[in-house]
$ cat structure.cif   # mmCIF, C-alpha atoms
data_target
#
loop_
_atom_site.label_atom_id
_atom_site.label_comp_id
_atom_site.auth_asym_id
_atom_site.auth_seq_id
_atom_site.Cartn_x
_atom_site.Cartn_y
_atom_site.Cartn_z
CA MET A 280 27.80 40.60 -21.47
CA LYS A 281 29.47 37.21 -21.60
CA GLU A 282 33.09 37.28 -20.51
CA LEU A 283 35.43 37.19 -23.48
CA ILE A 284 38.37 35.89 -21.47
CA PRO A 285 38.22 34.60 -17.90
CA ALA A 286 40.03 36.90 -15.47
CA GLU A 287 42.11 33.95 -14.18
CA ALA A 288 43.56 33.40 -17.66
CA ILE A 289 44.78 36.99 -17.70
CA GLU A 290 45.94 37.03 -14.07
CA ASN A 291 48.05 33.90 -14.64
CA ASN A 292 49.97 35.76 -17.35
CA ILE A 293 50.74 38.86 -15.28
CA TYR A 294 54.31 38.80 -14.00
CA LEU A 295 56.24 41.00 -11.61
CA ILE A 296 59.37 42.11 -13.47
CA ARG A 297 61.56 45.04 -12.42
CA GLY A 298 59.04 45.82 -9.69
CA GLN A 299 56.16 46.26 -12.15
CA LYS A 300 53.19 44.09 -13.02
CA VAL A 301 53.49 43.31 -16.73
CA LEU A 302 52.10 41.18 -19.55
CA LEU A 303 54.48 39.80 -22.17
CA ASP A 304 54.00 40.38 -25.89
CA TRP A 305 53.47 36.69 -26.71
CA ASP A 306 50.75 36.35 -24.06
CA LEU A 307 49.05 39.51 -25.33
CA ALA A 308 49.24 38.24 -28.90
CA LEU A 309 47.44 35.06 -27.82
CA LEU A 310 44.74 37.08 -26.06
CA TYR A 311 44.28 39.40 -29.06
CA GLN A 312 44.45 36.40 -31.43
CA VAL A 313 47.15 37.99 -33.58
CA PRO A 314 50.65 36.74 -34.36
CA THR A 315 53.31 38.10 -32.00
CA ARG A 316 55.15 39.44 -35.03
CA ARG A 317 52.09 41.55 -35.97
CA LEU A 318 51.75 42.95 -32.45
CA LYS A 319 55.44 43.93 -32.41
CA GLU A 320 55.11 45.51 -35.86
CA GLN A 321 52.30 47.75 -34.67
CA VAL A 322 54.23 48.72 -31.56
CA LYS A 323 57.35 49.60 -33.60
CA ARG A 324 55.26 51.68 -36.03
CA ASN A 325 53.86 53.62 -33.07
CA ILE A 326 56.90 53.54 -30.79
CA GLU A 327 56.34 57.14 -29.59
CA ARG A 328 53.18 55.90 -27.82
CA PHE A 329 55.22 53.48 -25.68
CA PRO A 330 57.66 55.24 -23.36
CA VAL A 331 59.83 53.22 -20.97
CA ASP A 332 57.21 53.21 -18.21
CA PHE A 333 54.65 51.69 -20.65
CA MET A 334 56.85 49.02 -22.22
CA PHE A 335 60.38 47.63 -21.96
CA GLN A 336 62.30 44.75 -23.47
CA LEU A 337 63.43 41.91 -21.21
CA THR A 338 67.08 40.94 -20.87
CA TRP A 339 68.22 37.39 -21.58
CA SER A 340 68.73 36.71 -17.87
CA GLU A 341 65.21 38.00 -17.04
CA LEU A 342 63.78 35.82 -19.79
CA ASP A 343 65.72 32.80 -18.53
CA ARG A 344 64.45 33.32 -14.95
CA LEU A 345 60.91 33.82 -16.22
CA LEU A 346 60.95 30.65 -18.32
CA LYS A 347 62.36 28.62 -15.42
CA SER A 348 59.72 29.91 -13.01
CA ARG A 349 57.04 29.31 -15.63
CA MET A 350 58.17 25.71 -16.11
CA ASN A 351 58.21 25.13 -12.35
CA SER A 352 54.71 26.54 -11.87
CA CYS A 353 53.05 24.75 -14.80
CA SER A 354 52.52 21.09 -15.32
CA ARG A 355 54.22 19.62 -18.37
CA THR A 356 50.98 19.53 -20.36
CA GLN A 357 50.21 23.18 -19.69
CA PHE A 358 53.60 24.50 -20.75
CA ALA A 359 53.73 25.12 -24.47
CA THR A 360 57.02 23.87 -25.89
CA LEU A 361 58.55 25.18 -29.07
CA LYS A 362 58.25 23.19 -32.26
CA ARG A 363 61.31 21.47 -33.67
CA GLY A 364 63.75 23.97 -35.15
CA GLU A 365 62.15 26.94 -33.38
CA ASN A 366 63.75 28.95 -30.63
CA ILE A 367 63.42 32.38 -29.12
CA LYS A 368 65.25 34.70 -31.47
CA TYR A 369 64.06 38.03 -30.09
CA LEU A 370 63.61 39.17 -26.54
CA PRO A 371 59.96 39.74 -25.61
CA TYR A 372 58.50 43.10 -24.69
CA ALA A 373 56.86 43.54 -21.30
CA PHE A 374 53.84 45.86 -21.21
CA THR A 375 52.74 47.62 -18.03
CA GLU A 376 49.09 48.41 -17.38
CA GLN A 377 49.43 51.73 -19.21
CA GLY A 378 51.19 50.02 -22.11
CA VAL A 379 48.40 47.48 -22.46
CA SER A 380 45.92 50.33 -22.43
CA MET A 381 47.87 52.06 -25.21
CA LEU A 382 47.76 48.85 -27.29
CA SER A 383 44.03 49.34 -27.79
CA SER A 384 44.76 52.49 -29.80
CA VAL A 385 47.39 50.67 -31.87
CA LEU A 386 45.43 47.46 -32.47
CA ARG A 387 42.10 48.75 -33.68
CA SER A 388 40.00 45.61 -33.88
CA LYS A 389 36.83 45.15 -31.84
CA ARG A 390 38.41 42.12 -30.18
CA ALA A 391 41.42 44.21 -29.10
CA ILE A 392 39.11 46.69 -27.42
CA ARG A 393 37.15 43.97 -25.60
CA VAL A 394 40.35 42.15 -24.57
CA ASN A 395 41.80 45.42 -23.24
CA ILE A 396 38.71 45.97 -21.12
CA ALA A 397 39.09 42.47 -19.67
CA ILE A 398 42.81 43.06 -19.00
CA MET A 399 42.14 46.40 -17.28
CA ARG A 400 39.58 44.68 -15.06
CA ALA A 401 42.13 41.98 -14.19
CA PHE A 402 44.71 44.63 -13.22
CA VAL A 403 42.12 46.38 -11.03
CA GLN A 404 41.19 43.06 -9.41
CA ILE A 405 44.84 42.32 -8.63
CA ARG A 406 45.36 45.82 -7.21
CA HIS A 407 42.26 45.38 -5.03
CA PHE A 408 43.50 41.99 -3.82
CA LEU A 409 46.93 43.41 -2.96
CA THR A 410 45.45 46.30 -0.96
CA THR A 411 43.15 43.92 0.89
CA HIS A 412 46.12 41.62 1.51
CA LYS A 413 48.22 44.49 2.91
CA ALA A 414 45.39 45.56 5.22
CA LEU A 415 44.97 41.97 6.40
CA ALA A 416 48.72 41.63 7.03
CA HIS A 417 48.67 44.88 9.05
CA LYS A 418 45.73 43.65 11.17
CA LEU A 419 47.48 40.32 11.76
CA LYS A 420 50.67 42.07 12.88
CA GLU A 421 48.64 44.27 15.22
CA LEU A 422 46.90 41.20 16.66
CA GLU A 423 50.25 39.44 17.15
CA GLY A 424 51.46 42.46 19.12
CA ARG A 425 48.46 42.25 21.41
CA VAL A 426 48.80 38.51 21.91
CA GLY A 427 52.52 38.92 22.51
CA LYS A 428 51.85 41.32 25.40
CA HIS A 429 49.22 39.00 26.80
CA ASP A 430 51.59 36.06 26.52
CA GLU A 431 54.09 37.85 28.74
CA GLN A 432 51.37 38.63 31.28
CA ILE A 433 50.02 35.06 31.20
CA THR A 434 53.55 33.68 31.65
CA ALA A 435 54.06 35.96 34.69
CA ILE A 436 50.77 34.75 36.22
CA PHE A 437 51.74 31.09 35.74
CA GLU A 438 55.13 31.74 37.29
CA ALA A 439 53.51 33.34 40.35
CA ILE A 440 51.11 30.38 40.68
CA ARG A 441 54.02 27.91 40.44
CA GLN A 442 55.86 29.74 43.20
CA LEU A 443 52.79 29.57 45.44
CA MET A 444 52.39 25.84 44.72
CA GLU A 445 55.97 24.94 45.64
CA PRO A 446 56.32 23.31 49.06
CA PRO A 447 58.00 25.47 51.62
CA GLU A 448 61.72 25.01 51.98
CA SER A 449 62.99 22.74 54.76
CA PRO A 450 62.64 24.36 58.18
CA LYS A 451 65.61 26.52 59.02
CA LYS A 452 67.83 25.55 61.89
CA ARG A 453 67.37 27.65 64.95
CA ILE A 454 70.30 29.56 66.07
CA GLY A 455 71.25 29.05 69.65
CA PHE A 456 71.17 26.23 72.20
CA GLU A 457 68.71 23.47 72.11
CA VAL A 458 67.27 22.28 75.35
#

$ encode --input "structure.cif" --output "structure tokens"
Amino acid sequence: MKELIPAEAIENNIYLIRGQKVLLDWDLALLYQVPTRRLKEQVKRNIERFPVDFMFQLTWSELDRLLKSRMNSCSRTQFATLKRGENIKYLPYAFTEQGVSMLSSVLRSKRAIRVNIAIMRAFVQIRHFLTTHKALAHKLKELEGRVGKHDEQITAIFEAIRQLMEPPESPKKRIGFEV
């Protein structure tokens, strides 16, 4: 099956907010090809399906930090600017992996189902990368510990060699009478 959405496009829209990996409502709306307003409508109609650990609304300060980091990480041509007279009136919703999964039951189009499958695969890929990364970091730390011990031993060997290479001190004066 041909990929509907490249995994990189989804992964680039996953943010870490409040210690959770989330997708924002406007990014999801783009992926599902529905207006953000429509997505929010469906969520509000089925709000009992979205507990706090599935979805939460950003604060203005979180949104401000997110927009600043987004502007810094994107080139000017990639960052979509608002049209004249438009501004952000409502705070966006952030959906966790479970919340995105629940969206497939709320948005019942075939595209929504296929997009959700692609998003779930992206989350799994990120989780796999993070576990691999943690294992790699642990191995590196272990290796540094070994090298650190060896460095101390190597330094001690060099110090001993330097001491052996030093010329002997000037001959000591003999005590007593000289003839």

$ resolve_selection --input "structure.cif" --expression "the PyMOL selection byres ((chain A and resi 329) around 12)" --output "PDB file with C-alpha atoms, keeping the file's coordinate frame"
ATOM      1  CA  LYS A 319      55.440  43.930 -32.410  1.00  0.00           C
ATOM      2  CA  GLN A 321      52.300  47.750 -34.670  1.00  0.00           C
ATOM      3  CA  VAL A 322      54.230  48.720 -31.560  1.00  0.00           C
ATOM      4  CA  LYS A 323      57.350  49.600 -33.600  1.00  0.00           C
ATOM      5  CA  ARG A 324      55.260  51.680 -36.030  1.00  0.00           C
ATOM      6  CA  ASN A 325      53.860  53.620 -33.070  1.00  0.00           C
ATOM      7  CA  ILE A 326      56.900  53.540 -30.790  1.00  0.00           C
ATOM      8  CA  GLU A 327      56.340  57.140 -29.590  1.00  0.00           C
ATOM      9  CA  ARG A 328      53.180  55.900 -27.820  1.00  0.00           C
ATOM     10  CA  PRO A 330      57.660  55.240 -23.360  1.00  0.00           C
ATOM     11  CA  VAL A 331      59.830  53.220 -20.970  1.00  0.00           C
ATOM     12  CA  ASP A 332      57.210  53.210 -18.210  1.00  0.00           C
ATOM     13  CA  PHE A 333      54.650  51.690 -20.650  1.00  0.00           C
ATOM     14  CA  MET A 334      56.850  49.020 -22.220  1.00  0.00           C
ATOM     15  CA  PHE A 335      60.380  47.630 -21.960  1.00  0.00           C
ATOM     16  CA  GLN A 336      62.300  44.750 -23.470  1.00  0.00           C
ATOM     17  CA  TYR A 372      58.500  43.100 -24.690  1.00  0.00           C
ATOM     18  CA  ALA A 373      56.860  43.540 -21.300  1.00  0.00           C
ATOM     19  CA  PHE A 374      53.840  45.860 -21.210  1.00  0.00           C
ATOM     20  CA  THR A 375      52.740  47.620 -18.030  1.00  0.00           C
ATOM     21  CA  GLU A 376      49.090  48.410 -17.380  1.00  0.00           C
ATOM     22  CA  GLN A 377      49.430  51.730 -19.210  1.00  0.00           C
ATOM     23  CA  GLY A 378      51.190  50.020 -22.110  1.00  0.00           C
ATOM     24  CA  VAL A 379      48.400  47.480 -22.460  1.00  0.00           C
ATOM     25  CA  SER A 380      45.920  50.330 -22.430  1.00  0.00           C
ATOM     26  CA  MET A 381      47.870  52.060 -25.210  1.00  0.00           C
ATOM     27  CA  LEU A 382      47.760  48.850 -27.290  1.00  0.00           C
ATOM     28  CA  SER A 384      44.760  52.490 -29.800  1.00  0.00           C
ATOM     29  CA  VAL A 385      47.390  50.670 -31.870  1.00  0.00           C
TER      30      VAL A 385
END

$ atom_distance --input "structure.cif" --atom1 "CA of His412 (chain A)" --atom2 "CA of Asn292 (chain A)"
20.1 Å

$ resolve_selection --input "structure.cif" --expression "the PyMOL selection byres ((chain A and resi 369) around 12)" --output "number ranges by chain"
A: 304-305, 315-316, 319, 336-339, 342, 365-368, 370-372

$ write_last_selection --input "structure.cif" --atoms "C-alpha atoms" --output "mmCIF file, in the coordinates of the input"
data_model
loop_
_atom_site.group_PDB
_atom_site.id
_atom_site.type_symbol
_atom_site.label_atom_id
_atom_site.label_comp_id
_atom_site.auth_asym_id
_atom_site.auth_seq_id
_atom_site.Cartn_x
_atom_site.Cartn_y
_atom_site.Cartn_z
ATOM 1 C CA ASP A 304 54.000 40.380 -25.890
ATOM 2 C CA TRP A 305 53.470 36.690 -26.710
ATOM 3 C CA THR A 315 53.310 38.100 -32.000
ATOM 4 C CA ARG A 316 55.150 39.440 -35.030
ATOM 5 C CA LYS A 319 55.440 43.930 -32.410
ATOM 6 C CA GLN A 336 62.300 44.750 -23.470
ATOM 7 C CA LEU A 337 63.430 41.910 -21.210
ATOM 8 C CA THR A 338 67.080 40.940 -20.870
ATOM 9 C CA TRP A 339 68.220 37.390 -21.580
ATOM 10 C CA LEU A 342 63.780 35.820 -19.790
ATOM 11 C CA GLU A 365 62.150 26.940 -33.380
ATOM 12 C CA ASN A 366 63.750 28.950 -30.630
ATOM 13 C CA ILE A 367 63.420 32.380 -29.120
ATOM 14 C CA LYS A 368 65.250 34.700 -31.470
ATOM 15 C CA LEU A 370 63.610 39.170 -26.540
ATOM 16 C CA PRO A 371 59.960 39.740 -25.610
ATOM 17 C CA TYR A 372 58.500 43.100 -24.690
#

$ atom_distance --input "structure.cif" --atom1 "CA of Ile405 (chain A)" --atom2 "CA of Ser388 (chain A)"
25.9 Å

$ atom_distance --input "structure.cif" --atom1 "CA of Ile296 (chain A)" --atom2 "CA of Leu345 (chain A)"
8.9 Å

$ resolve_selection --input "structure.cif" --expression "the PyMOL selection byres ((chain A and resi 391-393) around 12)" --output "NGL selection string"
:A and (280-284 or 307-313 or 318 or 379-390 or 394-400)

$ decode --input "structure.cif" --residues "region 286-320 of chain A" --atoms "N, CA and C atoms" --output "mmCIF file, in the first residue's frame"
data_model
loop_
_atom_site.group_PDB
_atom_site.id
_atom_site.type_symbol
_atom_site.label_atom_id
_atom_site.label_comp_id
_atom_site.auth_asym_id
_atom_site.auth_seq_id
_atom_site.Cartn_x
_atom_site.Cartn_y
_atom_site.Cartn_z
ATOM 1 N N ALA A 286 6.066 9.464 6.978
ATOM 2 C CA ALA A 286 6.240 9.452 8.434
ATOM 3 C C ALA A 286 6.936 10.718 8.926
ATOM 4 N N GLU A 287 7.864 11.256 8.117
ATOM 5 C CA GLU A 287 8.593 12.470 8.528
ATOM 6 C C GLU A 287 7.643 13.649 8.694
ATOM 7 N N ALA A 288 6.631 13.725 7.831
ATOM 8 C CA ALA A 288 5.670 14.828 7.923
ATOM 9 C C ALA A 288 4.908 14.764 9.241
ATOM 10 N N ILE A 289 4.623 13.567 9.692
ATOM 11 C CA ILE A 289 3.915 13.413 10.968
ATOM 12 C C ILE A 289 4.878 13.666 12.120
ATOM 13 N N GLU A 290 6.069 13.067 12.052
ATOM 14 C CA GLU A 290 7.046 13.204 13.139
ATOM 15 C C GLU A 290 7.433 14.655 13.373
ATOM 16 N N ASN A 291 7.486 15.462 12.318
ATOM 17 C CA ASN A 291 7.830 16.879 12.464
ATOM 18 C C ASN A 291 6.764 17.668 13.204
ATOM 19 N N ASN A 292 5.552 17.130 13.272
ATOM 20 C CA ASN A 292 4.459 17.819 13.952
ATOM 21 C C ASN A 292 4.192 17.279 15.351
ATOM 22 N N ILE A 293 4.990 16.337 15.804
ATOM 23 C CA ILE A 293 4.828 15.805 17.159
ATOM 24 C C ILE A 293 5.704 16.630 18.095
ATOM 25 N N TYR A 294 5.068 17.183 19.118
ATOM 26 C CA TYR A 294 5.766 18.048 20.077
ATOM 27 C C TYR A 294 5.751 17.407 21.454
ATOM 28 N N LEU A 295 6.714 17.793 22.265
ATOM 29 C CA LEU A 295 6.754 17.356 23.655
ATOM 30 C C LEU A 295 6.246 18.515 24.506
ATOM 31 N N ILE A 296 5.031 18.357 25.009
ATOM 32 C CA ILE A 296 4.395 19.395 25.833
ATOM 33 C C ILE A 296 3.901 18.724 27.110
ATOM 34 N N ARG A 297 4.215 19.333 28.241
ATOM 35 C CA ARG A 297 3.848 18.799 29.557
ATOM 36 C C ARG A 297 4.336 17.364 29.725
ATOM 37 N N GLY A 298 5.483 17.062 29.142
ATOM 38 C CA GLY A 298 6.074 15.739 29.281
ATOM 39 C C GLY A 298 5.418 14.658 28.440
ATOM 40 N N GLN A 299 4.555 15.054 27.499
ATOM 41 C CA GLN A 299 3.873 14.078 26.651
ATOM 42 C C GLN A 299 4.092 14.415 25.184
ATOM 43 N N LYS A 300 4.179 13.378 24.369
ATOM 44 C CA LYS A 300 4.283 13.587 22.924
ATOM 45 C C LYS A 300 2.874 13.821 22.394
ATOM 46 N N VAL A 301 2.669 14.971 21.734
ATOM 47 C CA VAL A 301 1.328 15.336 21.286
ATOM 48 C C VAL A 301 1.332 15.879 19.856
ATOM 49 N N LEU A 302 0.156 15.837 19.246
ATOM 50 C CA LEU A 302 -0.109 16.487 17.968
ATOM 51 C C LEU A 302 -1.155 17.558 18.230
ATOM 52 N N LEU A 303 -1.007 18.710 17.601
ATOM 53 C CA LEU A 303 -1.956 19.804 17.802
ATOM 54 C C LEU A 303 -3.138 19.675 16.851
ATOM 55 N N ASP A 304 -4.268 20.260 17.258
ATOM 56 C CA ASP A 304 -5.488 20.127 16.462
ATOM 57 C C ASP A 304 -5.331 20.667 15.044
ATOM 58 N N TRP A 305 -4.600 21.779 14.863
ATOM 59 C CA TRP A 305 -4.494 22.336 13.515
ATOM 60 C C TRP A 305 -3.631 21.464 12.601
ATOM 61 N N ASP A 306 -2.624 20.802 13.183
ATOM 62 C CA ASP A 306 -1.815 19.873 12.385
ATOM 63 C C ASP A 306 -2.625 18.629 12.015
ATOM 64 N N LEU A 307 -3.419 18.142 12.970
ATOM 65 C CA LEU A 307 -4.277 16.986 12.686
ATOM 66 C C LEU A 307 -5.314 17.318 11.622
ATOM 67 N N ALA A 308 -5.877 18.514 11.708
ATOM 68 C CA ALA A 308 -6.878 18.929 10.725
ATOM 69 C C ALA A 308 -6.269 18.940 9.318
ATOM 70 N N LEU A 309 -5.028 19.402 9.202
ATOM 71 C CA LEU A 309 -4.346 19.373 7.901
ATOM 72 C C LEU A 309 -4.165 17.941 7.405
ATOM 73 N N LEU A 310 -3.757 17.053 8.305
ATOM 74 C CA LEU A 310 -3.547 15.658 7.925
ATOM 75 C C LEU A 310 -4.855 14.990 7.493
ATOM 76 N N TYR A 311 -5.927 15.270 8.244
ATOM 77 C CA TYR A 311 -7.236 14.680 7.929
ATOM 78 C C TYR A 311 -7.935 15.390 6.773
ATOM 79 N N GLN A 312 -7.392 16.540 6.379
ATOM 80 C CA GLN A 312 -7.974 17.381 5.329
ATOM 81 C C GLN A 312 -9.396 17.826 5.691
ATOM 82 N N VAL A 313 -9.525 18.301 6.924
ATOM 83 C CA VAL A 313 -10.784 18.892 7.392
ATOM 84 C C VAL A 313 -10.445 20.225 8.037
ATOM 85 N N PRO A 314 -11.396 21.159 8.070
ATOM 86 C CA PRO A 314 -11.125 22.421 8.771
ATOM 87 C C PRO A 314 -10.931 22.169 10.271
ATOM 88 N N THR A 315 -10.065 22.942 10.884
ATOM 89 C CA THR A 315 -9.820 22.790 12.324
ATOM 90 C C THR A 315 -11.116 22.944 13.104
ATOM 91 N N ARG A 316 -11.948 23.859 12.664
ATOM 92 C CA ARG A 316 -13.238 24.096 13.312
ATOM 93 C C ARG A 316 -14.078 22.813 13.339
ATOM 94 N N ARG A 317 -14.071 22.077 12.248
ATOM 95 C CA ARG A 317 -14.846 20.821 12.143
ATOM 96 C C ARG A 317 -14.291 19.774 13.105
ATOM 97 N N LEU A 318 -12.966 19.661 13.169
ATOM 98 C CA LEU A 318 -12.342 18.701 14.071
ATOM 99 C C LEU A 318 -12.716 19.023 15.521
ATOM 100 N N LYS A 319 -12.632 20.304 15.887
ATOM 101 C CA LYS A 319 -12.982 20.702 17.256
ATOM 102 C C LYS A 319 -14.456 20.458 17.555
ATOM 103 N N GLU A 320 -15.310 20.677 16.564
ATOM 104 C CA GLU A 320 -16.748 20.410 16.737
ATOM 105 C C GLU A 320 -16.986 18.956 17.111
#
